[in-house]
Amino acid sequence: MRQAKPALEKAIAAALALLLWQLGAMALDQPLLLVSPLRVLRRLGSLCLEAAFWKTVAFSFQRIAAGFLLAFFAGILLALLAGRFHLLEMLFWPYVVTIKSVPVASFVILCLIWLSAGQLPVFISFLMVFPIIYTNVLQGIKSTDPKLLEMARLYKVPWRRRLLYIYLPSIRPFLISACGVSLGMAWKSGVAAEVIGITEGSIGEMLYESKIYFNTADLFCWTVVIILISVAFEKLFLLLIRKGFAGLEKL
C-alpha cells in the first residue's frame with residue numbers, strides 16, 4: 001500500500017499535466033505552435049508501426065547508453081583511486097572542473113573537429129556523466145566513518161575487504177543519487193549532440209528535421225519518446241544497482 005500511494009500520486013500529477021497541456025492546445029488553437037497530446041499520441045502510435053522508428057530509437061539508445069556506462073565505470077574506478085591516493089585526486093581535479101564548467105554546445109562543436117557524428121553522442125554523454133559519478137563516489141569515500149577505517153588499519157584488514165564492507169556501504173547512497181541525476185543528463189546531452197551534429201539515423205536528426213519542416217507533432221512525439229526511454233532506462237538501471245549492492249552485502 002505504501003508503494004502504491006506514491007505511484008498513484010505520480011499518475012494523478014501526470015494526468016493533470018496532460019489535461020493542462022490539452023486545455024492549452026485547445027485555447028491556443030494553433031497546432032503549429034502547440035499540438036495537442038491526443039494528436040501526439042496518434043502520431044506516436046503510427047510511428048511505432050514503422051520499422052525505421054525502432055531503428056532510430058535503437059541507434060540513439062546504443063550510443064547514449066554506451067556513453068553513460070563508460071562514464072559510470074570510469075567514474076567509479078578513478079574515484080576509488082583518487083580516494084586512496086590524494087596525489088591522483090589533485091591530478092584529476094583540473095580535468096573534472098573543466099568538464100563540469102564547459103557548456104555542452106562548446107564540447108559538441110569542439111568534438112565535431114575530432115570525432116565523426118556517430119561517435120559524438122557517445123563521447124558527449126560520457127563527458128556529462130563522468131564528473132557527476134566521479135565527484136559523488138569520491139564524496140562517498142570521504143564520508144566513510146573514520147572510526148571504522150581506524151579499526152581496519154589496527155586489525156590490518158586487506159584493501160579488498162575494506163572496499164567491500166566499509167567503503168561500499170558509504171558509497172551506495174551517493175552512487176544511487178548520482179545515477180538518478182546523470183541518467184537524465186546523459187539523454188539530454190546525447191540528443192543535443194545528435195541535433196547539433198545532425199547524426200544520421202538518430203533521434204536528434206528526427207528532431208532537427210521536425211524543426212526544419214515545422215512538423216510540431218513529430219517534434220513533440222520524439223520528445224515524448226526521449227522522456228519515456230530515459231525514465232525506463234533510469235528505473236531499470238537503478239533497480240540493477242540496488243540488486244547489485246544487495247548481492248554484495250550477502251557475500
# chains A, B, ... in the order shown; residues from 1 in each chain; ligands from 1
>>> residues_around(residues="Leu163 in chain A", least_positions_apart="2", cutoff="12 Å", atoms="only C-alpha atoms", output="number ranges by chain")
A: 80-81, 83-84, 140-141, 144, 148-149, 152, 157-161, 165-172, 248-249
>>> residues_around(residues="Ala192 in chain A", least_positions_apart="3", cutoff="12 Å", atoms="only C-alpha atoms", output="ChimeraX atom specification")
/A:60,64,103-109,117,120-122,124-125,128,185-189,195-199,202-208,223,226
>>> residues_around(residues="range 32-34 of chain A", least_positions_apart="4", cutoff="8 Å", atoms="only C-alpha atoms", output="PyMOL selection string")
chain A and resi 24-25+28+214-216
>>> residues_around(residues="Pro131 in chain A", least_positions_apart="5", cutoff="12 Å", atoms="only C-alpha atoms", output="ChimeraX atom specification")
/A:68,71-76,78-79,92-102,125-126,136-139,178-179,181-182,185-186
>>> atom_distance(atom1="CA of Ala15 in chain A", atom2="CA of Arg39 in chain A")
16.0 Å
>>> residues_around(residues="Arg242 in chain A", least_positions_apart="5", cutoff="9 Å", atoms="only C-alpha atoms", output="list in words")
Arg172, Ile176, Phe237 and Gly247 of chain A
>>> closest_residue(among="A:Ile229, A:Cys221, A:Leu236, A:Ala66", to="Val40 in chain A", atoms="only C-alpha atoms")
A:Cys221
>>> atom_distance(atom1="CA of Cys48 in chain A", atom2="CA of Trp222 in chain A")
11.3 Å
>>> atom_distance(atom1="CA of Pro173 in chain A", atom2="CA of Ser230 in chain A")
20.8 Å
